[in-house]
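The structure appears below as structure tokens.
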4 protein chains.
Amino acid sequence: MEDTYRLVVACPDQVGIVAAVSGFVARHGGWIVEASHHADQVTGWFFMRNEITASSLAVSLEQFRREFAPIAAGYAMEWRITDSREPQRVILMGSRESHCMADLLHRRESGELNAHIVAVISNHEDLRRMVEWHGIPFHCVPVNAEERDRAFREMEALFQQYETDLVVLARYMQILPAWLCKAWAGRVINIHHSFLPSFAGARPYQKAYERGVKLIGATCHYATEELDDGPIIEQDVIRVSHSDTIEDMIRLGRDVEKAALARGLRAHLEDRVMIHENKTVVFT
Amino acid sequence: MEDTYRLVVACPDQVGIVAAVSGFVARHGGWIVEASHHADQVTGWFFMRNEITASSLAVSLEQFRREFAPIAAGYAMEWRITDSREPQRVILMGSRESHCMADLLHRRESGELNAHIVAVISNHEDLRRMVEWHGIPFHCVPVNAEERDRAFREMEALFQQYETDLVVLARYMQILPAWLCKAWAGRVINIHHSFLPSFAGARPYQKAYERGVKLIGATCHYATEELDDGPIIEQDVIRVSHSDTIEDMIRLGRDVEKAALARGLRAHLEDRVMIHENKTVVFT
Amino acid sequence: MEDTYRLVVACPDQVGIVAAVSGFVARHGGWIVEASHHADQVTGWFFMRNEITASSLAVSLEQFRREFAPIAAGYAMEWRITDSREPQRVILMGSRESHCMADLLHRRESGELNAHIVAVISNHEDLRRMVEWHGIPFHCVPVNAEERDRAFREMEALFQQYETDLVVLARYMQILPAWLCKAWAGRVINIHHSFLPSFAGARPYQKAYERGVKLIGATCHYATEELDDGPIIEQDVIRVSHSDTIEDMIRLGRDVEKAALARGLRAHLEDRVMIHENKTVVFT
Amino acid sequence: MEDTYRLVVACPDQVGIVAAVSGFVARHGGWIVEASHHADQVTGWFFMRNEITASSLAVSLEQFRREFAPIAAGYAMEWRITDSREPQRVILMGSRESHCMADLLHRRESGELNAHIVAVISNHEDLRRMVEWHGIPFHCVPVNAEERDRAFREMEALFQQYETDLVVLARYMQILPAWLCKAWAGRVINIHHSFLPSFAGARPYQKAYERGVKLIGATCHYATEELDDGPIIEQDVIRVSHSDTIEDMIRLGRDVEKAALARGLRAHLEDRVMIHENKTVVFT
């Protein structure tokens with residue numbers, strides 16, 4: 001796969017945005033290998049993502065940013081351009097269950113996931129051996145009821161120390177404090193083990209079993225101050241029946257969780273996700 | 001397909017139930033073409049369905065019932081035996097939207113649905129022409145806010161008059177009164193246009209759109225006094241994205257509604273569904 | 001939904017195509033409500049579809065075509081622009097099985113399908129009553145082994161007479177002659193009752209049953225001279241098990257056939273499908 | 001989960017089989033927690049699986065076998081009874097690609113897979129480090145064109161040496177010789193990276209890409225002398241589009257391969273799979 005730049009834009013919709021942006025890209029020789037657009041009829045917002053072959057661009061990224069700025073300003077754009085050669089710095093957070101952690105670490109190991117996993121944080125020691133085998137620093141930060149806030153301050157210090165771009169809650173079973181969700185808005189991805197908004201909060205498989213649903217699911221979303229209510233990136237489900245116990249649901253659900261998290265994370269890392277008013281645009 | 005009897009049993013679990021029942025069937029020469037069992041580890045109940053070739057049974061249905069009664073009593077069974085040659089008498093209820101109604105009528109017309117659709121009731125006239133073309137009586141019973149109860153009394157009179165076994169709410173947009181749900185418990189099937197328990201009540205697609213879910217669904221369930229909370233028979237989902245408007249969701253959802261309702265209804269008509277404590281066992 | 005024009009373009013890829021097209025549209029005030037692009041890395045071709053609000057365009061369609069022609073020529077484009085207010089003229093062809101026919105007719109009836117169904121052709125009389133109830137002319141053209149060619153000449157005369165844009169084989173069980181496929185390339189859509197390329201040709205459910213597959217499917221594709229080998233528009237599958245007989249597979253398959261055909265047809269009617277070298281680009 | 005015995009039976013169908021078997025089980029106090037039956041109308045064969053709580057049985061497994069033998073003989077049964085506490089001895093075979101191997105090893109590590117993985121064999125060294133970290137012996141047996149047969153003789157010696165019950169080809173890219181498939185019939189499970197019977201043989205994703213299919217899949221099946229033609233245990237698919245390159249298909253396919261293999265293998269290990277005339281009965 002060739003190296004690319006990803007130009008991501010959101011702004012109030014009007015005539016001529018695509019022409020302005022694509023004209024600018026073309027003037028600098030930019031070869032667009034993938035382009036996605038979305039005009040939201042309800043909010044009146046426009047979203048665009050262009051993936052441009054890095055070698056085709058006649059100017060440096062810095063120069064591109066400088067020259068594009070006035071165009072962006074003219075359309076009141078929120079925008080960014082990123083380089084596929086500069087993978088995001090990611091911290092994974094886990095607890096005792098290993099399936100999502102093992103899945104993401106293997107995807108990284110095999111080169112499928114374009115991210116730099118800088119550290120793993122957990123409130124338990126269980127995953128240390130697996131993580132360290134991958135050569136990744138492992139930090140155990142226990143979370144006690146009395147000192148919750150101090151623990152999360154310590155974790156945020158680690159986020160800072162590792163110059164973290166993104167935090168992934170890979171079945172991290174603690175609720176993040178509101179101040180942390182706020183400070184890291186749009187940069188914390190969670191996998192919830194239900195098809196939200198059904199069964200938010202604790203023990204979703206137990207609740208699904210009791211309700212007698214015929215499909216169970218998982219939801220990959222951004223963490224926000226309100227629990228399990230953040231913008232949804234990806235969801236998936238699997239069929240269950242009366243013969244499945246809660247243990248069966250937990251087992252079947254693990255595969256759905258892994259898949260939904262991996263797909264959602266991949267979309268984020270490739271700059272395919274744009275958040276707008278607690279919903280996402282996902283260009284896949 | 002051969003004519004069959006369906007022997008359906010539920011009772012507290014203990015050793016020897018299958019032996020007792022299958023021994024009884026075998027002694028009368030019964031050829032079992034399909035057998036399903038479920039032992040619920042949580043409730044301690046046992047569920048069983050045997051489908052027996054009608055021509056293989058050496059005794060009449062009446063005699064079978066008489067001789068089986070003491071065995072059933074010995075195990076405290078809830079049980080029934082039905083004849084595939086005696087299709088259930090079904091009333092369909094609709095409103096203005098035609099997709100579920102047209103789908104069920106066509107399945108009946110083509111011989112796929114083994115039911116006797118004795119009448120259609122609606123609170124609007126829109127579906128009359130289509131229903132009457134199929135040669136089925138159409139009753140328009142408007143539901144006004146002031147006279148809701150009288151309207152539903154009139155409808156129940158129709159249920160009685162037609163010797164109805166089952167009522168199917170094929171996108172009937174009115175909420176049934178509690179007394180009717182109670183009187184017809186286990187005999188009214190509804191299709192709700194969301195993946196319950198998400199988005200119960202009115203305007204589920206609107207709510208799904210606002211929440212930004214990535215899958216929408218439909219739920220076929222028995223109507224109970226508590227709205228959209230009855231035992232679930234069947235559910236299904238379809239993928240949506242940021243580019244789908246509410247209108248798109250409504251359109252995509254129609255296909256899911258039709259499929260989930262048709263499958264759930266079929267299971268009920270073939271005596272494959274057993275209700276226990278607000279959940280279902282569905283032998284498919 | 002607002003009225004729109006759909007500008008569809010395919011050409012060898014190079015820098016500046018999007019800029020040229022979107023610049024042209026913007027200069028005429030065109031409001032793009034949906035835009036899709038695909039750059040095929042293997043063939044080096046570029047595909048684009050723009051949906052433009054009709055009322056936003058300052059020029060007539062004729063004038064648009066005239067002024068766009070030189071730009072199109074400059075990039076060696078294959079292109080078309082169509083008007084959502086001018087539904088395509090469609091002939092449905094069926095045989096004895098009614099499920100796809102009934103499904104499409106109902107979608108038309110309820111306003112979901114933006115097409116003008118000008119006639120139905122069948123080699124049997126079975127569907128006449130249903131079709132004529134919808135007010136659509138029904139032509140029965142029997143196909144005998146000795147006079148196959150004459151029958152298809154007669155059918156093509158009907159295609160011409162009705163000024164047909166598109167022919168849909170809704171479980172039409174006859175193989176079209178090569179000359180007809182050639183003459184109507186890209187304008188005949190078929191639904192095949194298997195997950196192609198598995199089980200091409202006759203009796204796919206029989207073959208699927210014999211092979212013991214665990215999923216069965218359906219394929220919506222353009223008819224070409226080589227049987228069941230044309231460009232695929234849409235496919236879908238459903239789970240089966242050892243307990244499903246061939247009759248069960250046929251029944252379950254009907255729902256998959258209806259869904260795949262309806263989705264593929266809709267994509268075609270909305271000018272979302274582009275054919276290139278026996279494959280399709282489908283912008284959904 | 002409680003320890004259980006699994007009694008698995010196949011025989012020509014006749015009246016009274018269930019009564020005979022369940023009567024026998026009941027007489028020895030056997031508590032049946034799960035029972036599955038299948039009467040094949042085409043072949044006239046009957047299949048049954050009973051899962052019996054180990055602690056409920058009043059007799060030893062040896063005594064059960066001895067006393068059941070005459071009943072089995074009376075119905076010409078093929079049968080076996082296995083103990084959930086005696087996991088099968090499994091050899092995994094891989095090549096260079098790690099995703100299926102890593103997935104199975106993690107499922108074993110986390111206790112999800114009830115198997116004793118006694119060794120891994122590969123024709124390359126790539127997976128050694130990962131396998132040995134799990135504490136499992138790793139054997140590299142290169143396969144050269146000139147000495148294929150000697151290599152497979154060496155592998156079969158390893159099968160024997162490890163007292164292997166089952167061999168799993170976890171993306172092992174070599175074709176097993178006919179004599180080995182024959183000798184180990186029903187004991188070698190393969191994962192093929194296509195939705196068979198489409199794209200059997202080499203490079204299925206390449207073929208799927210060229211054909212332009214809209215879904216790709218994977219098939220878990222028993223290896224037989226005819227390549228990719230053995231009894232199918234499990235299949236699954238995932239949606240692709242024109243925008244997916246072959247590399248995308250390979251990546252998306254990996255998740256389908258892992259899931260289909262894990263589910264098929266689990267079914268086999270729980271004695272849920274019965275082979276009959278190149279097809280399977282899978283009791284799930």
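Every chain in the structure tokens takes a letter, A first, then B, and so on in the order presented; its residues are numbered from 1, and the ligands are numbered from 1 following the presented order.
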Within 10 Å of chain A, which residues of chain B show up? Give each one with its shortest atom-to-atom distance in Å (one decimal) and the two atoms involved, counting only C-alpha atoms, rows by chain then rising residue number, as a Markdown table.
```
| residue | atom | partner | partner_atom | distance |
| --- | --- | --- | --- | --- |
| B:His37 | CA | A:Ser243 | CA | 9.5 |
| B:His38 | CA | A:Ser243 | CA | 6.7 |
| B:Ala39 | CA | A:Ser243 | CA | 8.1 |
| B:Asp40 | CA | A:Ser243 | CA | 7.5 |
| B:Gln41 | CA | A:Thr245 | CA | 8.2 |
| B:Val42 | CA | A:Thr245 | CA | 8.6 |
| B:Phe195 | CA | A:Ser198 | CA | 8.6 |
| B:Leu196 | CA | A:Ser198 | CA | 7.6 |
| B:Pro197 | CA | A:Ser198 | CA | 5.9 |
| B:Ser198 | CA | A:Ser198 | CA | 5.0 |
| B:Phe199 | CA | A:Pro197 | CA | 8.2 |
| B:Ala208 | CA | A:Pro197 | CA | 9.1 |
| B:Tyr209 | CA | A:Lys279 | CA | 9.3 |
| B:Glu210 | CA | A:Lys279 | CA | 8.0 |
| B:Arg211 | CA | A:Lys279 | CA | 7.0 |
| B:Gly212 | CA | A:Lys279 | CA | 5.3 |
| B:Val213 | CA | A:Ile232 | CA | 6.4 |
| B:Lys214 | CA | A:Gln235 | CA | 5.8 |
| B:Leu215 | CA | A:Gln235 | CA | 6.8 |
| B:Thr219 | CA | A:Lys214 | CA | 9.0 |
| B:Asp229 | CA | A:Arg211 | CA | 8.6 |
| B:Gly230 | CA | A:Arg211 | CA | 9.2 |
| B:Pro231 | CA | A:Gly212 | CA | 7.2 |
| B:Ile232 | CA | A:Val213 | CA | 6.4 |
| B:Ile233 | CA | A:Lys214 | CA | 7.6 |
| B:Glu234 | CA | A:Lys214 | CA | 6.2 |
| B:Gln235 | CA | A:Lys214 | CA | 5.8 |
| B:Asp236 | CA | A:Leu215 | CA | 7.5 |
| B:Val237 | CA | A:Val237 | CA | 8.4 |
| B:Ile238 | CA | A:Asp236 | CA | 9.9 |
| B:Arg239 | CA | A:Asp236 | CA | 8.8 |
| B:Ser241 | CA | A:Val282 | CA | 7.6 |
| B:His242 | CA | A:Val281 | CA | 5.3 |
| B:Ser243 | CA | A:His38 | CA | 6.7 |
| B:Asp244 | CA | A:Asp40 | CA | 9.5 |
| B:Thr245 | CA | A:Gln41 | CA | 8.2 |
| B:Ile246 | CA | A:Val42 | CA | 9.9 |
| B:Glu277 | CA | A:Glu210 | CA | 9.8 |
| B:Asn278 | CA | A:Arg211 | CA | 7.8 |
| B:Lys279 | CA | A:Gly212 | CA | 5.3 |
| B:Thr280 | CA | A:His242 | CA | 6.9 |
| B:Val281 | CA | A:His242 | CA | 5.4 |
| B:Val282 | CA | A:His242 | CA | 6.9 |
| B:Phe283 | CA | A:His242 | CA | 8.8 |
| B:Thr284 | CA | A:Ser241 | CA | 9.8 |
```
Writer output for current selection, C-alpha atoms, as a PDB file, in the first residue's frame:
```
ATOM      1  CA  HIS B  37     -35.706 -30.755  23.671  1.00  0.00           C
ATOM      2  CA  HIS B  38     -34.581 -28.009  25.988  1.00  0.00           C
ATOM      3  CA  ALA B  39     -33.634 -28.339  29.631  1.00  0.00           C
ATOM      4  CA  ASP B  40     -33.432 -24.885  31.197  1.00  0.00           C
ATOM      5  CA  GLN B  41     -30.706 -24.994  33.836  1.00  0.00           C
ATOM      6  CA  VAL B  42     -31.863 -21.754  35.470  1.00  0.00           C
ATOM      7  CA  PHE B 195     -34.434  -4.144  18.033  1.00  0.00           C
ATOM      8  CA  LEU B 196     -36.079  -4.349  21.452  1.00  0.00           C
ATOM      9  CA  PRO B 197     -35.498  -3.426  24.210  1.00  0.00           C
ATOM     10  CA  SER B 198     -34.009  -0.439  22.366  1.00  0.00           C
ATOM     11  CA  PHE B 199     -36.525   2.122  21.174  1.00  0.00           C
ATOM     12  CA  ALA B 208     -32.526   5.158  16.153  1.00  0.00           C
ATOM     13  CA  TYR B 209     -31.544   7.948  13.791  1.00  0.00           C
ATOM     14  CA  GLU B 210     -31.010  10.357  16.658  1.00  0.00           C
ATOM     15  CA  ARG B 211     -28.893   7.891  18.617  1.00  0.00           C
ATOM     16  CA  GLY B 212     -26.766   7.179  15.553  1.00  0.00           C
ATOM     17  CA  VAL B 213     -26.905   3.389  15.738  1.00  0.00           C
ATOM     18  CA  LYS B 214     -25.166   1.400  12.992  1.00  0.00           C
ATOM     19  CA  LEU B 215     -27.762  -1.387  12.829  1.00  0.00           C
ATOM     20  CA  THR B 219     -38.762  -7.650  16.932  1.00  0.00           C
ATOM     21  CA  ASP B 229     -42.180  -5.911  26.713  1.00  0.00           C
ATOM     22  CA  GLY B 230     -43.705  -9.294  25.837  1.00  0.00           C
ATOM     23  CA  PRO B 231     -41.858 -12.550  25.141  1.00  0.00           C
ATOM     24  CA  ILE B 232     -39.633 -12.202  22.061  1.00  0.00           C
ATOM     25  CA  ILE B 233     -40.065 -14.804  19.315  1.00  0.00           C
ATOM     26  CA  GLU B 234     -37.711 -13.494  16.633  1.00  0.00           C
ATOM     27  CA  GLN B 235     -35.463 -10.524  15.906  1.00  0.00           C
ATOM     28  CA  ASP B 236     -33.375  -9.384  13.011  1.00  0.00           C
ATOM     29  CA  VAL B 237     -31.235  -6.403  12.031  1.00  0.00           C
ATOM     30  CA  ILE B 238     -29.832  -4.643   8.982  1.00  0.00           C
ATOM     31  CA  ARG B 239     -26.797  -2.394   8.663  1.00  0.00           C
ATOM     32  CA  SER B 241     -24.759   4.216   8.039  1.00  0.00           C
ATOM     33  CA  HIS B 242     -24.474   7.966   8.487  1.00  0.00           C
ATOM     34  CA  SER B 243     -25.719   8.381   4.932  1.00  0.00           C
ATOM     35  CA  ASP B 244     -29.106   6.822   5.685  1.00  0.00           C
ATOM     36  CA  THR B 245     -31.873   9.291   6.440  1.00  0.00           C
ATOM     37  CA  ILE B 246     -34.868   8.430   8.612  1.00  0.00           C
ATOM     38  CA  GLU B 277     -41.871 -16.513  32.326  1.00  0.00           C
ATOM     39  CA  ASN B 278     -41.840 -13.786  29.664  1.00  0.00           C
ATOM     40  CA  LYS B 279     -39.316 -15.637  27.509  1.00  0.00           C
ATOM     41  CA  THR B 280     -39.747 -18.092  24.673  1.00  0.00           C
ATOM     42  CA  VAL B 281     -38.357 -21.427  23.694  1.00  0.00           C
ATOM     43  CA  VAL B 282     -38.410 -21.568  19.884  1.00  0.00           C
ATOM     44  CA  PHE B 283     -37.692 -24.974  18.354  1.00  0.00           C
ATOM     45  CA  THR B 284     -36.485 -24.344  14.792  1.00  0.00           C
TER      46      THR B 284
END
```
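For segment 132-179 of chain A, the set of residues given helix (DSSP H, G or I) by DSSP on the backbone reads Glu132, Trp133, Ala145, Glu146, Glu147, Arg148, Asp149, Arg150, Ala151, Phe152, Arg153, Glu154, Met155, Glu156, Ala157, Leu158, Phe159, Gln160, Gln161, Ala178 and Trp179 of chain A.
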The selected residues should be written to file as a PDB file, in the first residue's frame (atoms: N, CA and C atoms).
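Output contents, as saved in out22.pdb:
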```pdb
ATOM      1  N   GLU A 132       3.979  -8.012  27.915  1.00  0.00           N
ATOM      2  CA  GLU A 132       5.433  -7.837  27.890  1.00  0.00           C
ATOM      3  C   GLU A 132       6.091  -8.736  26.847  1.00  0.00           C
ATOM      4  N   TRP A 133       5.474  -9.884  26.553  1.00  0.00           N
ATOM      5  CA  TRP A 133       6.004 -10.739  25.493  1.00  0.00           C
ATOM      6  C   TRP A 133       6.012  -9.988  24.162  1.00  0.00           C
ATOM      7  N   ALA A 145     -11.920   2.013  45.521  1.00  0.00           N
ATOM      8  CA  ALA A 145     -13.066   2.904  45.666  1.00  0.00           C
ATOM      9  C   ALA A 145     -12.670   4.234  46.297  1.00  0.00           C
ATOM     10  N   GLU A 146     -11.763   4.191  47.310  1.00  0.00           N
ATOM     11  CA  GLU A 146     -11.425   5.431  48.035  1.00  0.00           C
ATOM     12  C   GLU A 146     -10.526   6.345  47.220  1.00  0.00           C
ATOM     13  N   GLU A 147      -9.729   5.726  46.349  1.00  0.00           N
ATOM     14  CA  GLU A 147      -8.722   6.545  45.681  1.00  0.00           C
ATOM     15  C   GLU A 147      -8.881   6.527  44.165  1.00  0.00           C
ATOM     16  N   ARG A 148     -10.107   6.396  43.746  1.00  0.00           N
ATOM     17  CA  ARG A 148     -10.384   6.360  42.303  1.00  0.00           C
ATOM     18  C   ARG A 148      -9.749   7.534  41.571  1.00  0.00           C
ATOM     19  N   ASP A 149     -10.011   8.724  42.092  1.00  0.00           N
ATOM     20  CA  ASP A 149      -9.572   9.906  41.367  1.00  0.00           C
ATOM     21  C   ASP A 149      -8.053   9.955  41.260  1.00  0.00           C
ATOM     22  N   ARG A 150      -7.373   9.601  42.371  1.00  0.00           N
ATOM     23  CA  ARG A 150      -5.916   9.616  42.327  1.00  0.00           C
ATOM     24  C   ARG A 150      -5.399   8.630  41.274  1.00  0.00           C
ATOM     25  N   ALA A 151      -6.065   7.466  41.192  1.00  0.00           N
ATOM     26  CA  ALA A 151      -5.655   6.467  40.201  1.00  0.00           C
ATOM     27  C   ALA A 151      -5.795   7.015  38.782  1.00  0.00           C
ATOM     28  N   PHE A 152      -6.899   7.677  38.522  1.00  0.00           N
ATOM     29  CA  PHE A 152      -7.094   8.195  37.159  1.00  0.00           C
ATOM     30  C   PHE A 152      -6.183   9.380  36.852  1.00  0.00           C
ATOM     31  N   ARG A 153      -5.839  10.166  37.887  1.00  0.00           N
ATOM     32  CA  ARG A 153      -4.835  11.225  37.684  1.00  0.00           C
ATOM     33  C   ARG A 153      -3.506  10.570  37.271  1.00  0.00           C
ATOM     34  N   GLU A 154      -3.183   9.471  37.944  1.00  0.00           N
ATOM     35  CA  GLU A 154      -1.947   8.763  37.630  1.00  0.00           C
ATOM     36  C   GLU A 154      -1.973   8.247  36.186  1.00  0.00           C
ATOM     37  N   MET A 155      -3.124   7.732  35.802  1.00  0.00           N
ATOM     38  CA  MET A 155      -3.239   7.232  34.427  1.00  0.00           C
ATOM     39  C   MET A 155      -3.116   8.366  33.421  1.00  0.00           C
ATOM     40  N   GLU A 156      -3.745   9.492  33.714  1.00  0.00           N
ATOM     41  CA  GLU A 156      -3.644  10.588  32.748  1.00  0.00           C
ATOM     42  C   GLU A 156      -2.205  11.080  32.638  1.00  0.00           C
ATOM     43  N   ALA A 157      -1.498  11.015  33.734  1.00  0.00           N
ATOM     44  CA  ALA A 157      -0.073  11.371  33.675  1.00  0.00           C
ATOM     45  C   ALA A 157       0.655  10.443  32.698  1.00  0.00           C
ATOM     46  N   LEU A 158       0.284   9.160  32.730  1.00  0.00           N
ATOM     47  CA  LEU A 158       0.885   8.220  31.766  1.00  0.00           C
ATOM     48  C   LEU A 158       0.488   8.582  30.333  1.00  0.00           C
ATOM     49  N   PHE A 159      -0.785   8.935  30.147  1.00  0.00           N
ATOM     50  CA  PHE A 159      -1.220   9.366  28.802  1.00  0.00           C
ATOM     51  C   PHE A 159      -0.296  10.484  28.306  1.00  0.00           C
ATOM     52  N   GLN A 160      -0.063  11.449  29.184  1.00  0.00           N
ATOM     53  CA  GLN A 160       0.758  12.597  28.800  1.00  0.00           C
ATOM     54  C   GLN A 160       2.199  12.171  28.534  1.00  0.00           C
ATOM     55  N   GLN A 161       2.696  11.399  29.461  1.00  0.00           N
ATOM     56  CA  GLN A 161       4.095  10.974  29.382  1.00  0.00           C
ATOM     57  C   GLN A 161       4.387  10.240  28.072  1.00  0.00           C
ATOM     58  N   ALA A 178     -15.713  11.813  34.851  1.00  0.00           N
ATOM     59  CA  ALA A 178     -16.217  12.786  33.871  1.00  0.00           C
ATOM     60  C   ALA A 178     -15.112  13.714  33.379  1.00  0.00           C
ATOM     61  N   TRP A 179     -14.256  14.171  34.296  1.00  0.00           N
ATOM     62  CA  TRP A 179     -13.212  15.128  33.881  1.00  0.00           C
ATOM     63  C   TRP A 179     -12.272  14.522  32.854  1.00  0.00           C
TER      64      TRP A 179
END
```
Min atom-atom distance to His106 of chain B from the set B:Ile52, B:Ala223, B:Tyr75, B:Ala262, counting only C-alpha atoms, belongs to B:Ala262
Within 8 Å of Tyr162 of chain A using only C-alpha atoms, minus same-chain residues under 5 positions, as a ChimeraX atom specification: /A:89,118-119
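Take the candidates B:Gly253, B:Pro177, B:Gly186, B:Pro12 and check each one against Ala72 of chain B using only C-alpha atoms; the shortest distance goes to B:Pro12.
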Identify all residues of segment 187-244 of chain B in strand (DSSP E or B) (DSSP on the backbone) and supply them as a ChimeraX atom specification. /B:188-192,215-222,232-239
Write out, as a compact mmCIF listing (two decimals), in the first residue's frame, the residues just selected, with C-alpha atoms.
```
# COMPACT_ATOMS: atom_id res chain seq x y z
CA VAL B 188 -51.51 -11.91 19.92
CA ILE B 189 -48.28 -11.52 17.94
CA ASN B 190 -46.87 -8.06 17.26
CA ILE B 191 -44.05 -6.81 15.05
CA HIS B 192 -42.22 -3.87 16.60
CA LEU B 215 -27.76 -1.39 12.83
CA ILE B 216 -31.55 -1.14 12.92
CA GLY B 217 -33.86 -4.01 13.67
CA ALA B 218 -37.29 -5.47 14.21
CA THR B 219 -38.76 -7.65 16.93
CA CYS B 220 -41.58 -10.17 16.67
CA HIS B 221 -43.07 -10.74 20.12
CA TYR B 222 -46.25 -11.61 21.99
CA ILE B 232 -39.63 -12.20 22.06
CA ILE B 233 -40.06 -14.80 19.31
CA GLU B 234 -37.71 -13.49 16.63
CA GLN B 235 -35.46 -10.52 15.91
CA ASP B 236 -33.37 -9.38 13.01
CA VAL B 237 -31.24 -6.40 12.03
CA ILE B 238 -29.83 -4.64 8.98
CA ARG B 239 -26.80 -2.39 8.66
```
| said: Can you pull out the residues contacting segment 21-31 of chain A? Cut-off 8 Å, using only C-alpha atoms, and skip same-chain residues under 3 positions away; I want them as a list in words. | reply: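 The residues satisfying every condition are Ile17, Val18, Ile52, Thr53, Ala54, Ser56, Leu57, Ala58, Val59, Phe68 and Ile71 of chain A; Gln14, Val15, Gly16, Val18, Ala19, Ala20, Ser22 and Gly23 of chain C.
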**Prompt:** Distance atom CA of Leu261 of chain D-atom CA of Leu169 of chain D, one decimal place?
**Reply:**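 So the answer is 9.4 Å.
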Extract, using only C-alpha atoms, all DNA, RNA and protein residues at most 9 Å from Val168 of chain A, discarding same-chain residues fewer than 2 positions from it, and format them as a PDB file with C-alpha atoms, in the first residue's frame.
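Saved as out_5.pdb:
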```pdb
ATOM      1  CA  VAL A  90      -2.065   4.367  21.328  1.00  0.00           C
ATOM      2  CA  ILE A  91      -2.480   3.217  24.932  1.00  0.00           C
ATOM      3  CA  LEU A  92      -4.569   0.088  25.463  1.00  0.00           C
ATOM      4  CA  MET A  93      -6.373  -0.309  28.770  1.00  0.00           C
ATOM      5  CA  GLY A  94      -7.537  -3.687  29.968  1.00  0.00           C
ATOM      6  CA  LEU A 166      -5.631   7.643  21.496  1.00  0.00           C
ATOM      7  CA  ALA A 170     -10.244  -3.025  25.566  1.00  0.00           C
ATOM      8  CA  ARG A 171     -12.766  -4.389  28.087  1.00  0.00           C
ATOM      9  CA  TYR A 172     -11.471  -2.063  30.805  1.00  0.00           C
ATOM     10  CA  ARG A 187      -9.686  10.307  21.902  1.00  0.00           C
ATOM     11  CA  VAL A 188     -11.009   7.462  24.052  1.00  0.00           C
ATOM     12  CA  ILE A 189     -12.615   4.482  22.318  1.00  0.00           C
ATOM     13  CA  ASN A 190     -14.591   1.935  24.322  1.00  0.00           C
ATOM     14  CA  ILE A 191     -16.084  -1.441  23.459  1.00  0.00           C
ATOM     15  CA  LEU A 265     -10.408   1.271  15.913  1.00  0.00           C
TER      16      LEU A 265
END
```
Notebook entry, point to check: Leaving out Asp126 of chain C and any residue of its chain fewer than 2 positions from it, which residues lie within 9 Å of it when counting only C-alpha atoms, given as a list of chain:residue names?
Noted result: C:Ser95, C:Arg96, C:Glu97, C:Ser98, C:Ser122, C:His124, C:Arg128, C:Arg129, C:Met130
Keeping only N, CA and C atoms, take the residues you just selected and write them out as a JSON list (two decimals), in the first residue's frame.
```json
[["chain", "number", "residue", "atom", "x", "y", "z"],
["C", 95, "SER", "N", -42.29, -16.38, -14.62],
["C", 95, "SER", "CA", -42.72, -17.66, -15.12],
["C", 95, "SER", "C", -43.92, -18.13, -14.29],
["C", 96, "ARG", "N", -43.72, -19.10, -13.43],
["C", 96, "ARG", "CA", -44.83, -19.56, -12.59],
["C", 96, "ARG", "C", -44.71, -19.08, -11.16],
["C", 97, "GLU", "N", -43.47, -19.03, -10.66],
["C", 97, "GLU", "CA", -43.27, -18.65, -9.26],
["C", 97, "GLU", "C", -43.55, -17.15, -9.09],
["C", 98, "SER", "N", -44.28, -16.83, -8.04],
["C", 98, "SER", "CA", -44.81, -15.47, -7.93],
["C", 98, "SER", "C", -44.05, -14.58, -6.96],
["C", 122, "SER", "N", -44.57, -13.28, -19.58],
["C", 122, "SER", "CA", -44.35, -14.58, -18.95],
["C", 122, "SER", "C", -44.56, -15.68, -19.98],
["C", 124, "HIS", "N", -46.00, -18.37, -19.03],
["C", 124, "HIS", "CA", -47.17, -19.08, -18.49],
["C", 124, "HIS", "C", -48.23, -18.06, -18.09],
["C", 128, "ARG", "N", -51.06, -13.87, -14.47],
["C", 128, "ARG", "CA", -51.87, -12.86, -15.15],
["C", 128, "ARG", "C", -52.79, -12.09, -14.19],
["C", 129, "ARG", "N", -53.52, -12.84, -13.37],
["C", 129, "ARG", "CA", -54.52, -12.19, -12.52],
["C", 129, "ARG", "C", -53.86, -11.16, -11.59],
["C", 130, "MET", "N", -52.76, -11.55, -10.98],
["C", 130, "MET", "CA", -52.06, -10.65, -10.05],
["C", 130, "MET", "C", -51.55, -9.41, -10.77]]
```
Long-range neighbours of segment 76-79 of chain D as an NGL selection string, 6 Å cut-off, only C-alpha atoms, 4 positions minimum in chain
:D and (8-11 or 72)
